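*Asks:* If it helps, the file is called run.cif and holds mmCIF, C-alpha atoms and all ligand atoms:
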data_entry
#
loop_
_atom_site.label_atom_id
_atom_site.label_comp_id
_atom_site.auth_asym_id
_atom_site.auth_seq_id
_atom_site.Cartn_x
_atom_site.Cartn_y
_atom_site.Cartn_z
CA MET R 88 -14.00 -16.16 -10.97
CA LYS R 89 -15.35 -13.27 -8.89
CA GLN R 90 -13.36 -10.89 -6.73
CA VAL R 91 -14.93 -9.24 -3.69
CA VAL R 92 -13.05 -6.65 -1.66
CA ILE R 93 -14.04 -5.61 1.86
CA VAL R 94 -13.03 -2.01 2.50
CA SER R 95 -13.62 0.83 4.93
CA GLY R 96 -12.65 4.46 4.68
CA LYS R 97 -11.04 4.19 8.13
CA GLY R 98 -9.52 1.60 10.46
CA GLY R 99 -11.38 0.13 13.43
CA THR R 100 -14.74 -0.53 11.76
CA GLY R 101 -14.47 -4.32 12.09
CA LYS R 102 -13.59 -4.89 8.43
CA THR R 103 -11.14 -7.73 9.06
CA SER R 104 -13.44 -9.57 11.49
CA ILE R 105 -16.24 -9.33 8.93
CA THR R 106 -13.93 -10.53 6.12
CA ALA R 107 -13.06 -13.58 8.24
CA CYS R 108 -16.79 -14.27 8.78
CA LEU R 109 -17.48 -14.02 5.04
CA ALA R 110 -14.60 -16.42 4.41
CA ASN R 111 -16.14 -18.77 6.97
CA LEU R 112 -19.55 -18.57 5.26
CA ALA R 113 -18.10 -18.98 1.75
CA ALA R 114 -16.07 -22.01 2.84
CA ASN R 115 -19.27 -23.70 4.05
CA ASP R 116 -21.32 -22.72 1.02
CA ALA R 117 -21.46 -25.47 -1.58
CA ALA R 118 -21.95 -22.94 -4.40
CA TRP R 119 -18.77 -20.94 -3.69
CA HIS R 120 -16.61 -23.36 -1.75
CA THR R 121 -13.66 -22.79 -1.33
CA PRO R 122 -12.69 -19.10 -1.36
CA VAL R 123 -9.17 -17.83 -1.96
CA LEU R 124 -8.30 -15.18 0.62
CA VAL R 125 -6.06 -12.13 0.26
CA ASP R 126 -4.98 -9.97 3.18
CA ALA R 127 -4.26 -6.74 1.31
CA ASP R 128 -3.74 -4.72 4.48
CA VAL R 129 0.01 -5.22 4.08
CA ASP R 130 0.98 -2.36 6.40
CA ALA R 131 -0.84 -3.99 9.35
CA ALA R 132 -1.90 -7.47 8.27
CA ASN R 133 -4.13 -9.01 10.93
CA LEU R 134 -6.50 -11.38 9.15
CA SER R 135 -4.07 -14.10 10.25
CA LEU R 136 -5.04 -13.47 13.90
CA VAL R 137 -8.39 -15.09 13.13
CA ILE R 138 -7.66 -17.60 10.37
CA SER R 139 -4.31 -18.98 11.68
CA PRO R 140 -2.49 -19.47 8.36
CA GLU R 141 0.08 -22.24 7.96
CA VAL R 142 2.73 -20.78 5.68
CA HIS R 143 3.95 -23.13 2.96
CA ARG R 144 5.57 -20.62 0.62
CA GLN R 145 7.34 -17.34 1.34
CA VAL R 146 8.95 -15.00 -1.17
CA PRO R 147 11.08 -11.87 -0.53
CA TYR R 148 9.57 -8.67 -1.88
CA SER R 149 11.49 -5.71 -3.24
CA GLY R 150 9.52 -2.56 -3.88
CA GLY R 151 12.20 -0.74 -5.85
CA LEU R 152 15.75 0.56 -5.96
CA THR R 153 17.77 2.41 -3.32
CA ALA R 154 20.81 4.60 -3.98
CA VAL R 155 24.12 3.75 -2.31
CA ILE R 156 27.23 5.94 -2.50
CA ASP R 157 30.62 4.35 -3.12
CA GLN R 158 32.69 6.41 -0.69
CA GLU R 159 35.96 5.51 -2.44
CA ALA R 160 34.73 7.01 -5.71
CA CYS R 161 32.86 10.02 -4.28
CA ILE R 162 34.59 13.41 -4.81
CA SER R 163 32.21 15.24 -2.41
CA CYS R 164 30.87 17.66 -5.02
CA GLY R 165 27.38 17.70 -3.43
CA ALA R 166 25.51 17.47 -6.76
CA CYS R 167 23.45 14.50 -5.57
CA GLU R 168 22.30 16.28 -2.40
CA SER R 169 21.20 19.35 -4.32
CA VAL R 170 19.02 17.43 -6.82
CA CYS R 171 17.39 14.98 -4.42
CA HIS R 172 13.67 15.88 -4.19
CA PHE R 173 13.23 13.65 -1.15
CA SER R 174 16.06 15.13 0.96
CA ALA R 175 17.41 11.60 1.21
CA ILE R 176 21.08 12.58 0.76
CA ARG R 177 22.88 14.37 3.58
CA HIS R 178 26.38 15.56 4.25
CA GLU R 179 27.30 14.11 7.62
CA ASN R 180 30.64 13.25 9.20
CA ASP R 181 32.47 14.67 6.19
CA ARG R 182 30.80 12.44 3.67
CA TYR R 183 27.63 12.23 1.60
CA GLN R 184 25.26 9.49 2.68
CA VAL R 185 21.89 8.20 1.52
CA ASP R 186 19.05 7.68 3.99
CA PRO R 187 17.58 4.39 2.68
CA PHE R 188 14.18 5.16 4.27
CA GLY R 189 13.99 8.50 2.42
CA CYS R 190 15.28 7.29 -0.96
CA GLU R 191 12.50 6.70 -3.50
CA GLY R 192 14.85 5.11 -6.05
CA CYS R 193 14.27 7.76 -8.73
CA THR R 194 17.95 7.47 -9.94
CA LEU R 195 18.32 11.24 -10.46
CA CYS R 196 21.37 11.38 -8.16
CA GLN R 197 23.02 8.60 -10.14
CA ARG R 198 22.48 10.51 -13.36
CA VAL R 199 24.03 13.76 -12.08
CA CYS R 200 26.98 12.22 -10.23
CA PRO R 201 30.15 13.25 -12.16
CA ALA R 202 32.21 10.50 -10.52
CA GLY R 203 29.92 7.55 -11.19
CA ALA R 204 29.91 6.96 -7.44
CA ILE R 205 26.25 6.08 -7.02
CA ILE R 206 24.92 2.59 -7.51
CA MET R 207 21.29 1.53 -7.29
CA ILE R 208 20.62 -1.64 -5.33
CA ARG R 209 17.50 -3.72 -4.88
CA GLN R 210 16.62 -4.06 -1.19
CA GLU R 211 14.26 -6.52 0.44
CA ASN R 212 11.30 -4.47 1.74
CA GLY R 213 9.13 -7.31 2.96
CA ARG R 214 7.86 -10.84 2.24
CA TRP R 215 4.72 -12.31 0.82
CA TYR R 216 3.30 -15.66 1.80
CA GLN R 217 0.99 -18.37 0.55
CA SER R 218 -0.65 -20.28 3.37
CA GLY R 219 -3.25 -22.90 4.03
CA THR R 220 -6.16 -22.00 6.32
CA ARG R 221 -9.33 -23.80 7.42
CA PHE R 222 -11.30 -21.56 5.03
CA GLY R 223 -9.08 -21.84 1.95
CA GLU R 224 -5.75 -20.75 0.56
CA CYS R 225 -4.55 -17.33 1.76
CA PHE R 226 -2.12 -14.84 0.21
CA HIS R 227 -0.72 -12.30 2.64
CA ALA R 228 2.36 -10.18 3.19
CA ASP R 229 4.45 -8.23 5.64
CA LEU R 230 6.03 -4.94 4.72
CA TYR R 231 9.07 -4.29 6.89
CA PRO R 232 8.78 -1.27 9.25
CA GLY R 233 9.40 2.07 7.55
CA GLN R 234 9.17 0.62 4.03
CA GLY R 235 7.00 2.20 1.35
CA ASN R 236 5.45 0.96 -1.90
CA SER R 237 2.72 -1.00 -0.14
CA GLY R 238 0.45 -0.49 -3.20
CA LYS R 239 2.92 -2.43 -5.32
CA LEU R 240 3.01 -5.24 -2.76
CA VAL R 241 -0.81 -5.42 -2.81
CA THR R 242 -0.64 -5.77 -6.60
CA VAL R 243 1.94 -8.55 -6.28
CA ILE R 244 -0.16 -10.66 -3.87
CA ARG R 245 -3.37 -10.03 -5.81
CA LYS R 246 -1.72 -11.26 -9.02
CA GLN R 247 -0.38 -14.36 -7.27
CA ALA R 248 -3.81 -15.06 -5.79
CA GLU R 249 -5.56 -14.53 -9.15
CA GLN R 250 -3.19 -16.93 -10.89
CA TRP R 251 -3.65 -19.57 -8.19
CA THR R 252 -7.45 -19.15 -8.17
CA ARG R 253 -7.63 -19.64 -11.95
CA ASN R 254 -5.26 -22.60 -11.95
CA GLN R 255 -7.27 -24.34 -9.23
CA GLY R 256 -10.60 -23.56 -10.89
CA GLN R 257 -11.85 -21.73 -7.78
CA LYS R 258 -14.74 -19.30 -8.08
CA LEU R 259 -14.21 -16.63 -5.45
CA MET R 260 -11.45 -14.36 -4.18
CA LEU R 261 -12.19 -12.50 -0.94
CA ILE R 262 -9.88 -9.57 -0.30
CA ASP R 263 -9.46 -7.87 3.07
CA GLY R 264 -8.68 -4.38 1.77
CA PRO R 265 -6.42 -1.83 3.44
CA PRO R 266 -8.12 0.97 5.41
CA GLY R 267 -8.19 4.53 4.07
CA ILE R 268 -8.08 5.66 0.45
CA GLY R 269 -4.38 5.62 -0.46
CA CYS R 270 -2.33 3.68 -3.03
CA PRO R 271 -2.79 0.25 -1.40
CA VAL R 272 -6.58 0.73 -1.51
CA MET R 273 -6.44 1.63 -5.20
CA ALA R 274 -4.36 -1.49 -5.83
CA ALA R 275 -6.92 -3.56 -3.91
CA VAL R 276 -10.05 -2.24 -5.68
CA THR R 277 -8.88 -1.99 -9.30
CA GLY R 278 -10.79 -4.43 -11.52
CA ILE R 279 -12.84 -5.86 -8.65
CA ASP R 280 -16.35 -7.28 -9.12
CA LEU R 281 -17.87 -6.03 -5.89
CA ALA R 282 -16.85 -3.87 -2.93
CA VAL R 283 -18.41 -4.35 0.47
CA ILE R 284 -17.90 -1.16 2.45
CA VAL R 285 -17.90 -1.67 6.21
CA THR R 286 -18.84 1.47 8.12
CA GLU R 287 -20.08 2.40 11.57
CA PRO R 288 -22.67 4.88 12.85
CA SER R 289 -20.41 7.77 13.84
CA ALA R 290 -19.43 11.14 12.38
CA SER R 291 -16.05 9.79 11.28
CA GLY R 292 -17.72 6.65 9.87
CA LEU R 293 -19.92 8.78 7.63
CA HIS R 294 -17.05 11.05 6.60
CA ASP R 295 -14.81 8.14 5.68
CA LEU R 296 -17.63 6.33 3.87
CA GLY R 297 -17.86 9.39 1.60
CA ARG R 298 -14.12 9.29 0.95
CA ILE R 299 -13.90 5.60 0.07
CA LEU R 300 -16.98 5.96 -2.10
CA GLN R 301 -15.24 8.56 -4.28
CA THR R 302 -12.40 6.08 -4.84
CA LEU R 303 -14.84 3.29 -5.71
CA TYR R 304 -16.80 5.56 -8.07
CA HIS R 305 -13.56 6.48 -9.78
CA PHE R 306 -12.75 2.81 -10.43
CA ARG R 307 -16.43 2.05 -11.28
CA VAL R 308 -16.70 -0.66 -8.66
CA PRO R 309 -20.25 -1.77 -7.73
CA SER R 310 -20.60 -1.29 -3.97
CA LEU R 311 -22.73 -2.39 -1.03
CA VAL R 312 -22.69 -1.09 2.55
CA VAL R 313 -22.60 -3.01 5.80
CA VAL R 314 -23.24 -1.05 8.99
CA ASN R 315 -21.27 -2.55 11.85
CA LYS R 316 -21.86 -1.59 15.52
CA SER R 317 -25.47 -0.84 14.62
CA GLY R 318 -27.52 0.65 17.46
CA MET R 319 -24.51 2.39 18.97
CA ASN R 320 -25.63 5.88 17.90
CA GLY R 321 -29.17 6.24 16.51
CA GLU R 322 -28.75 9.79 15.22
CA ALA R 323 -25.53 9.00 13.37
CA GLU R 324 -27.11 5.85 11.96
CA SER R 325 -30.02 7.78 10.47
CA ARG R 326 -27.61 10.29 8.90
CA LEU R 327 -25.75 7.31 7.44
CA ALA R 328 -29.00 5.85 6.06
CA THR R 329 -29.94 9.20 4.47
CA PHE R 330 -26.52 9.50 2.88
CA CYS R 331 -26.72 5.97 1.43
CA GLN R 332 -30.21 6.66 0.09
CA GLN R 333 -29.00 9.84 -1.63
CA GLU R 334 -26.07 7.95 -3.15
CA ARG R 335 -28.31 5.00 -4.14
CA LEU R 336 -26.00 2.80 -2.14
CA PRO R 337 -27.72 -0.30 -0.74
CA ILE R 338 -27.25 -1.04 2.96
CA VAL R 339 -27.27 -4.83 2.88
CA GLY R 340 -26.97 -5.48 6.57
CA ARG R 341 -26.67 -4.05 10.05
CA ILE R 342 -24.59 -5.95 12.55
CA PRO R 343 -25.50 -5.08 16.12
CA PHE R 344 -22.76 -3.76 18.38
CA THR R 345 -21.24 -6.71 20.23
CA HIS R 346 -18.10 -7.49 22.21
CA GLN R 347 -18.20 -11.00 20.75
CA PHE R 348 -16.02 -9.95 17.78
CA VAL R 349 -13.18 -9.20 20.21
CA ASN R 350 -13.78 -12.37 22.22
CA ALA R 351 -13.82 -14.39 19.02
CA MET R 352 -10.53 -12.85 17.88
CA ILE R 353 -8.91 -13.57 21.26
CA ASN R 354 -9.88 -17.22 20.69
CA GLN R 355 -8.63 -17.11 17.06
CA GLN R 356 -12.14 -17.76 15.83
CA THR R 357 -14.62 -15.97 13.62
CA LEU R 358 -17.74 -14.66 15.30
CA LEU R 359 -19.70 -17.42 13.54
CA GLU R 360 -17.52 -20.05 15.16
CA HIS R 361 -17.53 -18.30 18.53
CA GLU R 362 -21.21 -17.43 18.83
CA PRO R 363 -23.13 -19.01 15.94
CA ASP R 364 -26.57 -18.40 17.45
CA GLY R 365 -26.27 -14.66 18.18
CA THR R 366 -28.01 -11.83 16.34
CA ALA R 367 -24.69 -10.66 14.87
CA ALA R 368 -24.15 -14.12 13.33
CA ASP R 369 -27.69 -14.01 11.87
CA ALA R 370 -26.97 -10.57 10.36
CA LEU R 371 -23.75 -11.89 8.81
CA ARG R 372 -25.57 -14.84 7.21
CA LEU R 373 -28.08 -12.44 5.64
CA ILE R 374 -25.27 -10.24 4.36
CA TRP R 375 -23.55 -13.25 2.77
CA ASN R 376 -26.81 -14.19 1.03
CA VAL R 377 -27.12 -10.70 -0.48
CA ILE R 378 -23.50 -10.78 -1.62
CA LYS R 379 -24.08 -14.15 -3.30
CA GLN R 380 -27.24 -12.92 -5.02
CA THR R 381 -25.40 -9.81 -6.24
CA LEU R 382 -22.56 -11.90 -7.66
CA ASP R 383 -25.02 -14.31 -9.28
CA LYS R 384 -26.73 -11.45 -11.12
CA ASP R 385 -23.56 -10.55 -13.06
FE1 LIG H 401 29.74 12.14 -4.34
FE2 LIG H 401 28.58 11.73 -6.74
FE3 LIG H 401 27.16 12.84 -4.72
FE4 LIG H 401 29.14 14.25 -5.94
S1 LIG H 401 27.24 13.53 -6.87
S2 LIG H 401 28.76 14.05 -3.71
S3 LIG H 401 30.59 12.59 -6.34
S4 LIG H 401 28.04 10.75 -4.79
#
The structure given in the file should be rewritten as structure tokens.
Ligand code: SF4
*Replies:*
Amino acid sequence: MKQVVIVSGKGGTGKTSITACLANLAANDAAWHTPVLVDADVDAANLSLVISPEVHRQVPYSGGLTAVIDQEACISCGACESVCHFSAIRHENDRYQVDPFGCEGCTLCQRVCPAGAIIMIRQENGRWYQSGTRFGECFHADLYPGQGNSGKLVTVIRKQAEQWTRNQGQKLMLIDGPPGIGCPVMAAVTGIDLAVIVTEPSASGLHDLGRILQTLYHFRVPSLVVVNKSGMNGEAESRLATFCQQERLPIVGRIPFTHQFVNAMINQQTLLEHEPDGTAADALRLIWNVIKQTLDKD
């Protein structure tokens, strides 16, 4: 079983649309059919806009513990407020209260409370789902607004997807990674076989490519680059090419700038379904071929 993650150092590069296209291509490829999909962008999951998942399993997710003060037992000594590193305990309306959005569940307040007035409870922070799609089984999740620990949720859905992929004897997991370089990205790229970095020819595209690359180097993940919105800015694109050459990072495809990605998404289709004969669709087919050849080499 191979795991491929599609990442970008920033949002808005077209990563999710490209992931959906790769899922489309893999699903129609006899050698890799059928992929297992993971939407690891749990803070703003939107792969489902294109692949229309039909949920058949949903499981509550709890990222950790939250402190709650038993007001009957509290003697208002203030010890908990003074030790809280996250300023999550405040004295308001004549009583000490915990802000559940600020509490990181470290339990320090519980340990210093002389009255035993603090209990730690497990709260539901989101849900993860297993769904059927026209391209294969999909594991995705929603983190409730304001909730943290999205890296842990990414790990949870990846593990579920890995187990399911092995049990079904499937060969490929395609992961739509979170944007940026934070904890959820680390959870999405750890132990992966191949990262496909989607970037765009712009100053911020180049800057964020450098950032995500550092993360991928750290985790020793073999990486390829796809330039989306190619032709939009010739100067920025040549700087991007020079950078990739210096880093010995293969650019495996350039997808021309097109509004068809947006039109396809509006119609809940991949670009390959929406405009199969366009130049962008041709570029995507070539990219899929290189990805396959790279996976076959290992
Ligand atoms: Fe109340 Fe315990 Fe906090 Fe003191 S440490 S204010 S008793 S909850």
*Asks:* Neighbouring residues of ligand LIG 401 (chain H) are defined here as those with any atom at most 9 Å from a ligand atom, counting all atoms listed in the file; list them as a PyMOL selection string.
*Replies:* chain R and resi 155-158+160-169+176+178+182-184+196-205
*Asks:* Mind dumping a table of every segment 250-329 of chain R residue within 12 Å of segment 134-150 of chain R, with the nearest atom pair and its distance in Å to one decimal, using all atoms listed in the file, sorted by chain and rising number, as a tab-separated table?
*Replies:*
residue	atom	partner	partner_atom	distance
R:Leu261	CA	R:Leu134	CA	11.6
R:Ile262	CA	R:Leu134	CA	10.2
R:Asp263	CA	R:Leu134	CA	7.6
R:Gly264	CA	R:Leu134	CA	10.4
R:Pro265	CA	R:Leu134	CA	11.1
*Asks:* Quick one: pull the distance between atom CA of Val129 of chain R and atom CA of Glu249 of chain R, Å, one decimal.
*Replies:*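 These two atoms are separated by 17.1 Å.
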*Asks:* Using all atoms listed in the file, which residue out of R:Pro266, R:Pro271, R:Pro288, R:Pro363 lies closest to Thr103 of chain R?
*Replies:*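 For Thr103 of chain R, the nearest of the candidates is R:Pro266.
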*Asks:* Within 9 Å of Cys270 of chain R, counting all atoms listed in the file, which residues show up once you throw out same-chain ones fewer than 4 positions away? Write them as a ChimeraX atom specification, please.
*Replies:* /R:236-239,274-275
*Asks:* Rounded to one decimal, what separation in Å do you get between atom CA of Ala154 of chain R and atom CA of Arg245 of chain R?
*Replies:*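 Separating atom CA of Ala154 of chain R from atom CA of Arg245 of chain R is a distance of 28.3 Å.
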*Asks:* Quick one: everything within 7 Å of Asn315 of chain R, counting all atoms listed in the file, minus sequence neighbours fewer than 5 positions away in the same chain. Send it as a list in words.
*Replies:*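 Non-adjacent residues within range: Thr100, Val285, Thr286, Glu287, Arg341, Ile342, Pro343 and Phe344 of chain R.
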*Asks:* Closest to His305 of chain R among R:Pro337, R:Gly219, R:Gly233, R:Gly278, using only C-alpha atoms?
*Replies:*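 Going through R:Pro337, R:Gly219, R:Gly233, R:Gly278 one by one, the smallest distance to His305 of chain R is for R:Gly278.
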*Asks:* Would you work out the distance separating atom CA of Ile268 of chain R from atom CA of Val349 of chain R, expressed in Å to one decimal?
*Replies:*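 Value for the atom CA of Ile268 of chain R-atom CA of Val349 of chain R distance: 25.2 Å.
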*Asks:* Select, from R:Gln301, R:Asn320, R:Gln217, R:Ser325, the residue with the minimum atom-to-atom distance to Ile338 of chain R, counting all atoms listed in the file.
*Replies:* R:Ser325
*Asks:* Restricting the calculation to all atoms listed in the file: of R:Val91, R:Val313, R:Leu195, R:Val241, which residue gets closest to Ala175 of chain R?
*Replies:*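 Smallest distance to Ala175 of chain R is found for R:Leu195.
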*Asks:* Could you list as a ChimeraX atom specification every residue that has an atom within 10 Å of (-11.1, -6.3, -13.9), using the file's coordinates and counting all atoms listed in the file?
*Replies:* /R:89-90,276-280,306,308
*Asks:* Store the residues of this selection in a file with C-alpha atoms, as a PDB file, in the frame of the given file.
*Replies:*
ATOM      1  CA  LYS R  89     -15.350 -13.270  -8.890  1.00  0.00           C
ATOM      2  CA  GLN R  90     -13.360 -10.890  -6.730  1.00  0.00           C
ATOM      3  CA  VAL R 276     -10.050  -2.240  -5.680  1.00  0.00           C
ATOM      4  CA  THR R 277      -8.880  -1.990  -9.300  1.00  0.00           C
ATOM      5  CA  GLY R 278     -10.790  -4.430 -11.520  1.00  0.00           C
ATOM      6  CA  ILE R 279     -12.840  -5.860  -8.650  1.00  0.00           C
ATOM      7  CA  ASP R 280     -16.350  -7.280  -9.120  1.00  0.00           C
ATOM      8  CA  PHE R 306     -12.750   2.810 -10.430  1.00  0.00           C
ATOM      9  CA  VAL R 308     -16.700  -0.660  -8.660  1.00  0.00           C
TER      10      VAL R 308
END
